[in-house]
2 protein chains.
Amino acid sequence: MPRSHSTHHHPPHADDAEPFTLEGLTESLRSKGLRMTGNRRAILQVLLQAEEPLGLEQIQSEAVRYARGGETPDFATVFRMMALLEELKLARKVNLGRASSFFELADSRHHRDHLVCTDCGTVTPLEESCPVETLERQIARKHGYTQVTHSLEFFGRCGDCSTGSPS
Amino acid sequence: MPRSHSTHHHPPHADDAEPFTLEGLTESLRSKGLRMTGNRRAILQVLLQAEEPLGLEQIQSEAVRYARGGETPDFATVFRMMALLEELKLARKVNLGRASSFFELADSRHHRDHLVCTDCGTVTPLEESCPVETLERQIARKHGYTQVTHSLEFFGRCGDCSTGSPS
DNA sequence: CCTTCAATTGCAAACGATTTGCTACAAAGC
DNA sequence: GCTTTGTAGCAAATCGTTTGCAATTGAAGG
Ligand SMILES: [Mn+2]
Ligand SMILES: [Mn+2]
Ligand SMILES: [Zn+2]
Ligand SMILES: [Zn+2]
């Protein structure tokens, strides 16, 4: 069994109450036999900092800040890392109505519902507390599902995009 | 001016109270200078029948039932039709966490929130009345947006997929 | 009916985003 | 340090989506 440096002995699970940290996430990966690398640490730090969902390219380019030597991880590396985090339920793909995918960490610190302008693409994370969180449990029980999460996005035209073209 | 066979004289708008009908949708297109064709009629009938969001291929293959001669419309035709309906706010793209897109008509008869099994892909339209419909107006006002719609999906593992593999 | 003209269609090619195979590299345990 | 095995980079393959273009067809008018 792996010895643990951490003070607490409960590895962060997808729906843990406490916020994700670099240490906790590292331990989550380690416990699965996965390795912590410079690339992964950089990517996780980008995600931990993020105030809104990020695309793969954004993650890649912002990772430079956290990588020694200022080298960007390969795009495929970012892709595989996000696929991995998604698989482990540590990150979620967010639907912003765009062609490419956007991601956010799967904890309550990072989960937001969003308002997206269908015209200019502006993404506004909603401050209001998530209105359907309590529904998750009800739906899970009623339909016999486990590990229920959700995706809630609002789409519309922002003020700037409305002025001018009446549509 | 076009003479009308319909008994009522108000063309259905995206958020009309009454359900979409083949006649109403036809009139919506006509009023924009667009034409009603066999392909389009078949596609609309497929959508009107649908009990859950459909992919382009499903729409294409089911359209056979409604087309004279049993010919399927070209995939590009289905694609363009759905892009058109989306543009006119008569249909919506639904996020089912899949690679390809799914669509539903944009009226209350067809709008559902969904529960999707991330494992086997089963889609369950939720019967509960939509919990965020009233929020749309509040959000629209608060952020100065117009034409606000939403997309709400729950993801999890269904009972069948849970038995056997512990996670 | 017949004509006219723009809207629509099918087909195939182009695109962009995602995904994968493979080899060299490097983290972690011994 | 040495070994094991997960990871990274690169390039090619894949997949869903989107578009150009010539032929077809809806529908308005004669
Ligand atoms: Mn939410
Ligand atoms: Mn809804
Ligand atoms: Zn806008
Ligand atoms: Zn399932």
# chains A, B, ... in the order shown; residues from 1 in each chain; ligands from 1

call {"tool": "interface_residues", "arguments": {"of": "chain A", "to": "chain C", "cutoff": "8 Å", "atoms": "only C-alpha atoms (C1' of nucleotides)", "output": "count of residues only"}}
result
5

call {"tool": "select_by_dssp", "arguments": {"residues": "chain A", "states": "alpha helix (DSSP H)", "output": "VMD selection string"}}
result
chain A and resid 22 to 30 38 to 49 56 to 62 75 to 87 133 to 143 159 to 162

call {"tool": "interface_residues", "arguments": {"of": "chain A", "to": "chain D", "cutoff": "12 Å", "atoms": "only C-alpha atoms (C1' of nucleotides)", "output": "PDB file with N, CA and C atoms, in the first residue's frame"}}
result
ATOM      1  N   LEU A  29      -4.563  11.080  -8.836  1.00  0.00           N
ATOM      2  CA  LEU A  29      -3.933  10.428  -9.980  1.00  0.00           C
ATOM      3  C   LEU A  29      -2.995   9.324  -9.498  1.00  0.00           C
ATOM      4  N   ARG A  30      -2.155   9.661  -8.537  1.00  0.00           N
ATOM      5  CA  ARG A  30      -1.192   8.697  -8.009  1.00  0.00           C
ATOM      6  C   ARG A  30      -1.874   7.411  -7.570  1.00  0.00           C
ATOM      7  N   LYS A  32      -4.223   5.985  -8.632  1.00  0.00           N
ATOM      8  CA  LYS A  32      -4.680   5.155  -9.750  1.00  0.00           C
ATOM      9  C   LYS A  32      -3.494   4.593 -10.534  1.00  0.00           C
ATOM     10  N   GLY A  33      -2.291   4.800  -9.995  1.00  0.00           N
ATOM     11  CA  GLY A  33      -1.117   4.301 -10.690  1.00  0.00           C
ATOM     12  C   GLY A  33      -0.654   5.241 -11.785  1.00  0.00           C
ATOM     13  N   LEU A  34      -1.231   6.424 -11.818  1.00  0.00           N
ATOM     14  CA  LEU A  34      -0.850   7.405 -12.836  1.00  0.00           C
ATOM     15  C   LEU A  34       0.247   8.307 -12.285  1.00  0.00           C
ATOM     16  N   ARG A  35       0.969   8.963 -13.163  1.00  0.00           N
ATOM     17  CA  ARG A  35       2.116   9.766 -12.725  1.00  0.00           C
ATOM     18  C   ARG A  35       1.885  11.256 -12.796  1.00  0.00           C
ATOM     19  N   MET A  36       2.522  11.948 -11.865  1.00  0.00           N
ATOM     20  CA  MET A  36       2.444  13.399 -11.896  1.00  0.00           C
ATOM     21  C   MET A  36       3.670  13.922 -12.640  1.00  0.00           C
ATOM     22  N   THR A  37       3.396  14.662 -13.702  1.00  0.00           N
ATOM     23  CA  THR A  37       4.488  15.179 -14.529  1.00  0.00           C
ATOM     24  C   THR A  37       4.409  16.693 -14.591  1.00  0.00           C
ATOM     25  N   GLY A  38       5.450  17.297 -15.167  1.00  0.00           N
ATOM     26  CA  GLY A  38       5.443  18.747 -15.297  1.00  0.00           C
ATOM     27  C   GLY A  38       4.249  19.214 -16.099  1.00  0.00           C
ATOM     28  N   ASN A  39       3.983  18.531 -17.186  1.00  0.00           N
ATOM     29  CA  ASN A  39       2.839  18.884 -18.019  1.00  0.00           C
ATOM     30  C   ASN A  39       1.533  18.838 -17.228  1.00  0.00           C
ATOM     31  N   ARG A  40       1.358  17.757 -16.548  1.00  0.00           N
ATOM     32  CA  ARG A  40       0.093  17.581 -15.825  1.00  0.00           C
ATOM     33  C   ARG A  40      -0.058  18.595 -14.714  1.00  0.00           C
ATOM     34  N   THR A  72       5.385  24.698 -23.953  1.00  0.00           N
ATOM     35  CA  THR A  72       3.983  24.305 -23.943  1.00  0.00           C
ATOM     36  C   THR A  72       3.859  22.804 -24.148  1.00  0.00           C
ATOM     37  N   PRO A  73       2.966  22.175 -23.392  1.00  0.00           N
ATOM     38  CA  PRO A  73       2.723  20.753 -23.632  1.00  0.00           C
ATOM     39  C   PRO A  73       2.123  20.596 -25.020  1.00  0.00           C
ATOM     40  N   ASP A  74       2.332  19.462 -25.611  1.00  0.00           N
ATOM     41  CA  ASP A  74       1.767  19.186 -26.919  1.00  0.00           C
ATOM     42  C   ASP A  74       0.245  19.190 -26.825  1.00  0.00           C
ATOM     43  N   PHE A  75      -0.376  19.549 -27.934  1.00  0.00           N
ATOM     44  CA  PHE A  75      -1.839  19.584 -27.949  1.00  0.00           C
ATOM     45  C   PHE A  75      -2.435  18.224 -27.584  1.00  0.00           C
ATOM     46  N   ALA A  76      -1.844  17.180 -28.112  1.00  0.00           N
ATOM     47  CA  ALA A  76      -2.339  15.827 -27.829  1.00  0.00           C
ATOM     48  C   ALA A  76      -2.222  15.505 -26.354  1.00  0.00           C
ATOM     49  N   THR A  77      -1.199  16.055 -25.731  1.00  0.00           N
ATOM     50  CA  THR A  77      -1.009  15.817 -24.303  1.00  0.00           C
ATOM     51  C   THR A  77      -2.123  16.473 -23.499  1.00  0.00           C
ATOM     52  N   VAL A  78      -2.462  17.687 -23.887  1.00  0.00           N
ATOM     53  CA  VAL A  78      -3.548  18.381 -23.220  1.00  0.00           C
ATOM     54  C   VAL A  78      -4.842  17.599 -23.444  1.00  0.00           C
ATOM     55  N   PHE A  79      -5.036  17.196 -24.675  1.00  0.00           N
ATOM     56  CA  PHE A  79      -6.236  16.416 -24.998  1.00  0.00           C
ATOM     57  C   PHE A  79      -6.334  15.170 -24.126  1.00  0.00           C
ATOM     58  N   ARG A  80      -5.246  14.422 -24.042  1.00  0.00           N
ATOM     59  CA  ARG A  80      -5.282  13.177 -23.271  1.00  0.00           C
ATOM     60  C   ARG A  80      -5.457  13.440 -21.778  1.00  0.00           C
ATOM     61  N   MET A  81      -4.876  14.500 -21.315  1.00  0.00           N
ATOM     62  CA  MET A  81      -5.033  14.828 -19.900  1.00  0.00           C
ATOM     63  C   MET A  81      -6.485  15.147 -19.586  1.00  0.00           C
ATOM     64  N   ALA A  99     -18.020  24.820 -31.629  1.00  0.00           N
ATOM     65  CA  ALA A  99     -17.569  23.620 -32.315  1.00  0.00           C
ATOM     66  C   ALA A  99     -16.604  22.826 -31.435  1.00  0.00           C
ATOM     67  N   SER A 100     -15.749  23.523 -30.706  1.00  0.00           N
ATOM     68  CA  SER A 100     -14.764  22.818 -29.887  1.00  0.00           C
ATOM     69  C   SER A 100     -15.201  22.716 -28.433  1.00  0.00           C
TER      70      SER A 100
END

call {"tool": "residues_near_ligand", "arguments": {"ligand": "ligand 3", "cutoff": "6 Å", "atoms": "only C-alpha atoms (C1' of nucleotides) and all ligand atoms", "output": "list of chain:residue names"}}
result
A:Cys117, A:Asp119, A:Cys120, A:Thr122, A:Arg157, A:Cys158, A:Asp160, A:Cys161

call {"tool": "interface_residues", "arguments": {"of": "chain A", "to": "chain B", "cutoff": "7 Å", "atoms": "only C-alpha atoms", "output": "ChimeraX atom specification"}}
result
/A:95,144-159

call {"tool": "residues_around", "arguments": {"residues": "Leu105 (chain B)", "least_positions_apart": "4", "cutoff": "8 Å", "atoms": "only C-alpha atoms (C1' of nucleotides)", "output": "ChimeraX atom specification"}}
result
/B:47-48,90-92,110-111

call {"tool": "write_last_selection", "arguments": {"atoms": "all heavy atoms", "output": "tab-separated table (two decimals), in the first residue's frame"}}
result
chain	number	residue	atom	x	y	z
B	47	LEU	N	-39.61	15.46	-37.18
B	47	LEU	CA	-39.38	16.23	-35.97
B	47	LEU	C	-40.64	16.36	-35.13
B	47	LEU	O	-40.60	16.31	-33.90
B	47	LEU	CB	-38.85	17.62	-36.33
B	47	LEU	CG	-37.46	17.65	-36.96
B	47	LEU	CD1	-37.14	19.05	-37.48
B	47	LEU	CD2	-36.41	17.20	-35.96
B	48	LEU	N	-41.77	16.53	-35.79
B	48	LEU	CA	-43.02	16.69	-35.06
B	48	LEU	C	-43.38	15.40	-34.32
B	48	LEU	O	-43.98	15.44	-33.25
B	48	LEU	CB	-44.15	17.07	-36.04
B	48	LEU	CG	-44.11	18.53	-36.51
B	48	LEU	CD1	-44.99	18.73	-37.74
B	48	LEU	CD2	-44.57	19.45	-35.38
B	90	LEU	N	-36.63	27.84	-34.69
B	90	LEU	CA	-37.74	26.89	-34.71
B	90	LEU	C	-37.28	25.53	-34.20
B	90	LEU	O	-38.09	24.67	-33.87
B	90	LEU	CB	-38.30	26.75	-36.14
B	90	LEU	CG	-38.93	28.03	-36.71
B	90	LEU	CD1	-39.33	27.82	-38.16
B	90	LEU	CD2	-40.12	28.46	-35.87
B	91	ALA	N	-35.97	25.33	-34.14
B	91	ALA	CA	-35.42	24.09	-33.61
B	91	ALA	C	-34.19	24.43	-32.77
B	91	ALA	O	-33.62	25.52	-32.90
B	91	ALA	CB	-35.05	23.14	-34.73
B	92	ARG	N	-33.81	23.50	-31.93
B	92	ARG	CA	-32.66	23.70	-31.04
B	92	ARG	C	-31.73	22.51	-31.08
B	92	ARG	O	-32.17	21.37	-31.22
B	92	ARG	CB	-33.15	23.83	-29.60
B	92	ARG	CG	-33.46	25.21	-29.17
B	92	ARG	CD	-33.48	25.29	-27.67
B	92	ARG	NE	-34.70	24.70	-27.10
B	92	ARG	CZ	-35.76	25.42	-26.77
B	92	ARG	NH1	-35.76	26.72	-26.94
B	92	ARG	NH2	-36.82	24.84	-26.26
B	110	HIS	N	-42.14	19.89	-27.42
B	110	HIS	CA	-40.95	19.07	-27.66
B	110	HIS	C	-39.79	19.34	-26.72
B	110	HIS	O	-38.91	18.52	-26.59
B	110	HIS	CB	-40.50	19.23	-29.12
B	110	HIS	CG	-41.44	18.60	-30.08
B	110	HIS	ND1	-42.51	19.29	-30.63
B	110	HIS	CD2	-41.52	17.34	-30.58
B	110	HIS	CE1	-43.17	18.48	-31.43
B	110	HIS	NE2	-42.61	17.30	-31.43
B	111	HIS	N	-39.82	20.49	-26.07
B	111	HIS	CA	-38.70	20.76	-25.16
B	111	HIS	C	-38.75	19.90	-23.91
B	111	HIS	O	-39.74	19.88	-23.20
B	111	HIS	CB	-38.64	22.22	-24.73
B	111	HIS	CG	-37.67	22.44	-23.61
B	111	HIS	ND1	-36.33	22.44	-23.81
B	111	HIS	CD2	-37.86	22.61	-22.28
B	111	HIS	CE1	-35.72	22.62	-22.64
B	111	HIS	NE2	-36.63	22.72	-21.69

call {"tool": "select_by_dssp", "arguments": {"residues": "region 18-99 of chain A", "states": "strand (DSSP E or B)", "output": "ChimeraX atom specification"}}
result
/A:54-55,91-94

call {"tool": "write_last_selection", "arguments": {"atoms": "C-alpha atoms", "output": "mmCIF file, in the first residue's frame"}}
result
data_model
loop_
_atom_site.group_PDB
_atom_site.id
_atom_site.type_symbol
_atom_site.label_atom_id
_atom_site.label_comp_id
_atom_site.auth_asym_id
_atom_site.auth_seq_id
_atom_site.Cartn_x
_atom_site.Cartn_y
_atom_site.Cartn_z
ATOM 1 C CA LEU A 54 -11.305 26.694 -21.043
ATOM 2 C CA GLY A 55 -10.687 25.227 -24.476
ATOM 3 C CA ALA A 91 -13.270 17.519 -14.841
ATOM 4 C CA ARG A 92 -16.308 18.119 -17.003
ATOM 5 C CA LYS A 93 -16.885 19.096 -20.569
ATOM 6 C CA VAL A 94 -19.056 22.211 -20.791
#

call {"tool": "residues_around", "arguments": {"residues": "Leu25 (chain B)", "least_positions_apart": "2", "cutoff": "9 Å", "atoms": "only C-alpha atoms (C1' of nucleotides)", "output": "ChimeraX atom specification"}}
result
/B:11-12,20-23,27-30,44,90

call {"tool": "decode", "arguments": {"residues": "region 61-87 of chain B", "atoms": "N, CA, C and O atoms", "output": "PDB file, in the first residue's frame"}}
result
ATOM      1  N   SER B  61     -32.886   9.048 -42.006  1.00  0.00           N
ATOM      2  CA  SER B  61     -33.435   7.712 -42.262  1.00  0.00           C
ATOM      3  C   SER B  61     -34.926   7.626 -41.964  1.00  0.00           C
ATOM      4  O   SER B  61     -35.660   6.937 -42.660  1.00  0.00           O
ATOM      5  N   GLU B  62     -35.382   8.364 -40.959  1.00  0.00           N
ATOM      6  CA  GLU B  62     -36.807   8.319 -40.663  1.00  0.00           C
ATOM      7  C   GLU B  62     -37.636   9.110 -41.669  1.00  0.00           C
ATOM      8  O   GLU B  62     -38.842   8.908 -41.791  1.00  0.00           O
ATOM      9  N   ALA B  63     -36.976   9.995 -42.358  1.00  0.00           N
ATOM     10  CA  ALA B  63     -37.682  10.823 -43.328  1.00  0.00           C
ATOM     11  C   ALA B  63     -38.238   9.973 -44.470  1.00  0.00           C
ATOM     12  O   ALA B  63     -39.171  10.377 -45.158  1.00  0.00           O
ATOM     13  N   VAL B  64     -37.655   8.817 -44.644  1.00  0.00           N
ATOM     14  CA  VAL B  64     -38.091   7.926 -45.719  1.00  0.00           C
ATOM     15  C   VAL B  64     -39.590   7.661 -45.625  1.00  0.00           C
ATOM     16  O   VAL B  64     -40.300   7.646 -46.631  1.00  0.00           O
ATOM     17  N   ARG B  65     -40.064   7.471 -44.399  1.00  0.00           N
ATOM     18  CA  ARG B  65     -41.472   7.162 -44.171  1.00  0.00           C
ATOM     19  C   ARG B  65     -42.407   8.213 -44.747  1.00  0.00           C
ATOM     20  O   ARG B  65     -43.537   7.923 -45.115  1.00  0.00           O
ATOM     21  N   TYR B  66     -41.946   9.450 -44.761  1.00  0.00           N
ATOM     22  CA  TYR B  66     -42.826  10.535 -45.170  1.00  0.00           C
ATOM     23  C   TYR B  66     -42.592  11.016 -46.594  1.00  0.00           C
ATOM     24  O   TYR B  66     -43.317  11.869 -47.093  1.00  0.00           O
ATOM     25  N   ALA B  67     -41.553  10.503 -47.208  1.00  0.00           N
ATOM     26  CA  ALA B  67     -41.227  10.967 -48.556  1.00  0.00           C
ATOM     27  C   ALA B  67     -41.895  10.098 -49.614  1.00  0.00           C
ATOM     28  O   ALA B  67     -41.917   8.876 -49.483  1.00  0.00           O
ATOM     29  N   ARG B  68     -42.448  10.741 -50.628  1.00  0.00           N
ATOM     30  CA  ARG B  68     -43.027   9.954 -51.716  1.00  0.00           C
ATOM     31  C   ARG B  68     -41.867   9.263 -52.416  1.00  0.00           C
ATOM     32  O   ARG B  68     -40.817   9.857 -52.619  1.00  0.00           O
ATOM     33  N   GLY B  69     -42.068   8.026 -52.801  1.00  0.00           N
ATOM     34  CA  GLY B  69     -41.029   7.311 -53.511  1.00  0.00           C
ATOM     35  C   GLY B  69     -40.014   6.693 -52.577  1.00  0.00           C
ATOM     36  O   GLY B  69     -39.106   5.995 -53.000  1.00  0.00           O
ATOM     37  N   GLY B  70     -40.176   6.937 -51.274  1.00  0.00           N
ATOM     38  CA  GLY B  70     -39.280   6.341 -50.307  1.00  0.00           C
ATOM     39  C   GLY B  70     -37.821   6.720 -50.489  1.00  0.00           C
ATOM     40  O   GLY B  70     -36.919   5.943 -50.207  1.00  0.00           O
ATOM     41  N   GLU B  71     -37.593   7.936 -50.982  1.00  0.00           N
ATOM     42  CA  GLU B  71     -36.199   8.365 -51.143  1.00  0.00           C
ATOM     43  C   GLU B  71     -35.756   9.203 -49.945  1.00  0.00           C
ATOM     44  O   GLU B  71     -36.466  10.097 -49.500  1.00  0.00           O
ATOM     45  N   THR B  72     -34.559   8.905 -49.453  1.00  0.00           N
ATOM     46  CA  THR B  72     -34.047   9.691 -48.339  1.00  0.00           C
ATOM     47  C   THR B  72     -33.437  10.978 -48.855  1.00  0.00           C
ATOM     48  O   THR B  72     -32.762  10.982 -49.871  1.00  0.00           O
ATOM     49  N   PRO B  73     -33.705  12.070 -48.137  1.00  0.00           N
ATOM     50  CA  PRO B  73     -33.041  13.320 -48.517  1.00  0.00           C
ATOM     51  C   PRO B  73     -31.549  13.159 -48.282  1.00  0.00           C
ATOM     52  O   PRO B  73     -31.129  12.359 -47.446  1.00  0.00           O
ATOM     53  N   ASP B  74     -30.769  13.887 -49.010  1.00  0.00           N
ATOM     54  CA  ASP B  74     -29.321  13.848 -48.843  1.00  0.00           C
ATOM     55  C   ASP B  74     -28.975  14.335 -47.443  1.00  0.00           C
ATOM     56  O   ASP B  74     -29.677  15.164 -46.852  1.00  0.00           O
ATOM     57  N   PHE B  75     -27.844  13.827 -46.942  1.00  0.00           N
ATOM     58  CA  PHE B  75     -27.411  14.232 -45.616  1.00  0.00           C
ATOM     59  C   PHE B  75     -27.212  15.746 -45.538  1.00  0.00           C
ATOM     60  O   PHE B  75     -27.603  16.399 -44.563  1.00  0.00           O
ATOM     61  N   ALA B  76     -26.632  16.302 -46.569  1.00  0.00           N
ATOM     62  CA  ALA B  76     -26.383  17.752 -46.596  1.00  0.00           C
ATOM     63  C   ALA B  76     -27.697  18.524 -46.559  1.00  0.00           C
ATOM     64  O   ALA B  76     -27.767  19.610 -45.981  1.00  0.00           O
ATOM     65  N   THR B  77     -28.717  17.943 -47.155  1.00  0.00           N
ATOM     66  CA  THR B  77     -30.023  18.599 -47.151  1.00  0.00           C
ATOM     67  C   THR B  77     -30.594  18.642 -45.741  1.00  0.00           C
ATOM     68  O   THR B  77     -31.127  19.663 -45.297  1.00  0.00           O
ATOM     69  N   VAL B  78     -30.451  17.533 -45.045  1.00  0.00           N
ATOM     70  CA  VAL B  78     -30.925  17.483 -43.663  1.00  0.00           C
ATOM     71  C   VAL B  78     -30.123  18.485 -42.833  1.00  0.00           C
ATOM     72  O   VAL B  78     -30.679  19.258 -42.051  1.00  0.00           O
ATOM     73  N   PHE B  79     -28.815  18.471 -43.045  1.00  0.00           N
ATOM     74  CA  PHE B  79     -27.961  19.410 -42.313  1.00  0.00           C
ATOM     75  C   PHE B  79     -28.407  20.846 -42.538  1.00  0.00           C
ATOM     76  O   PHE B  79     -28.578  21.621 -41.601  1.00  0.00           O
ATOM     77  N   ARG B  80     -28.613  21.195 -43.799  1.00  0.00           N
ATOM     78  CA  ARG B  80     -28.990  22.575 -44.104  1.00  0.00           C
ATOM     79  C   ARG B  80     -30.371  22.925 -43.562  1.00  0.00           C
ATOM     80  O   ARG B  80     -30.611  24.043 -43.103  1.00  0.00           O
ATOM     81  N   MET B  81     -31.250  21.976 -43.600  1.00  0.00           N
ATOM     82  CA  MET B  81     -32.588  22.228 -43.060  1.00  0.00           C
ATOM     83  C   MET B  81     -32.513  22.496 -41.562  1.00  0.00           C
ATOM     84  O   MET B  81     -33.148  23.419 -41.049  1.00  0.00           O
ATOM     85  N   MET B  82     -31.736  21.716 -40.847  1.00  0.00           N
ATOM     86  CA  MET B  82     -31.648  21.904 -39.403  1.00  0.00           C
ATOM     87  C   MET B  82     -30.933  23.211 -39.064  1.00  0.00           C
ATOM     88  O   MET B  82     -31.299  23.905 -38.111  1.00  0.00           O
ATOM     89  N   ALA B  83     -29.943  23.563 -39.861  1.00  0.00           N
ATOM     90  CA  ALA B  83     -29.254  24.838 -39.649  1.00  0.00           C
ATOM     91  C   ALA B  83     -30.238  25.983 -39.837  1.00  0.00           C
ATOM     92  O   ALA B  83     -30.229  26.967 -39.104  1.00  0.00           O
ATOM     93  N   LEU B  84     -31.101  25.795 -40.829  1.00  0.00           N
ATOM     94  CA  LEU B  84     -32.111  26.807 -41.126  1.00  0.00           C
ATOM     95  C   LEU B  84     -33.105  26.943 -39.978  1.00  0.00           C
ATOM     96  O   LEU B  84     -33.389  28.045 -39.507  1.00  0.00           O
ATOM     97  N   LEU B  85     -33.632  25.831 -39.524  1.00  0.00           N
ATOM     98  CA  LEU B  85     -34.602  25.854 -38.431  1.00  0.00           C
ATOM     99  C   LEU B  85     -33.984  26.441 -37.164  1.00  0.00           C
ATOM    100  O   LEU B  85     -34.629  27.148 -36.397  1.00  0.00           O
ATOM    101  N   GLU B  86     -32.715  26.135 -36.959  1.00  0.00           N
ATOM    102  CA  GLU B  86     -32.022  26.665 -35.784  1.00  0.00           C
ATOM    103  C   GLU B  86     -31.915  28.183 -35.908  1.00  0.00           C
ATOM    104  O   GLU B  86     -32.179  28.915 -34.954  1.00  0.00           O
ATOM    105  N   GLU B  87     -31.538  28.620 -37.089  1.00  0.00           N
ATOM    106  CA  GLU B  87     -31.401  30.047 -37.363  1.00  0.00           C
ATOM    107  C   GLU B  87     -32.712  30.779 -37.111  1.00  0.00           C
ATOM    108  O   GLU B  87     -32.737  31.873 -36.563  1.00  0.00           O
TER     109      GLU B  87
END
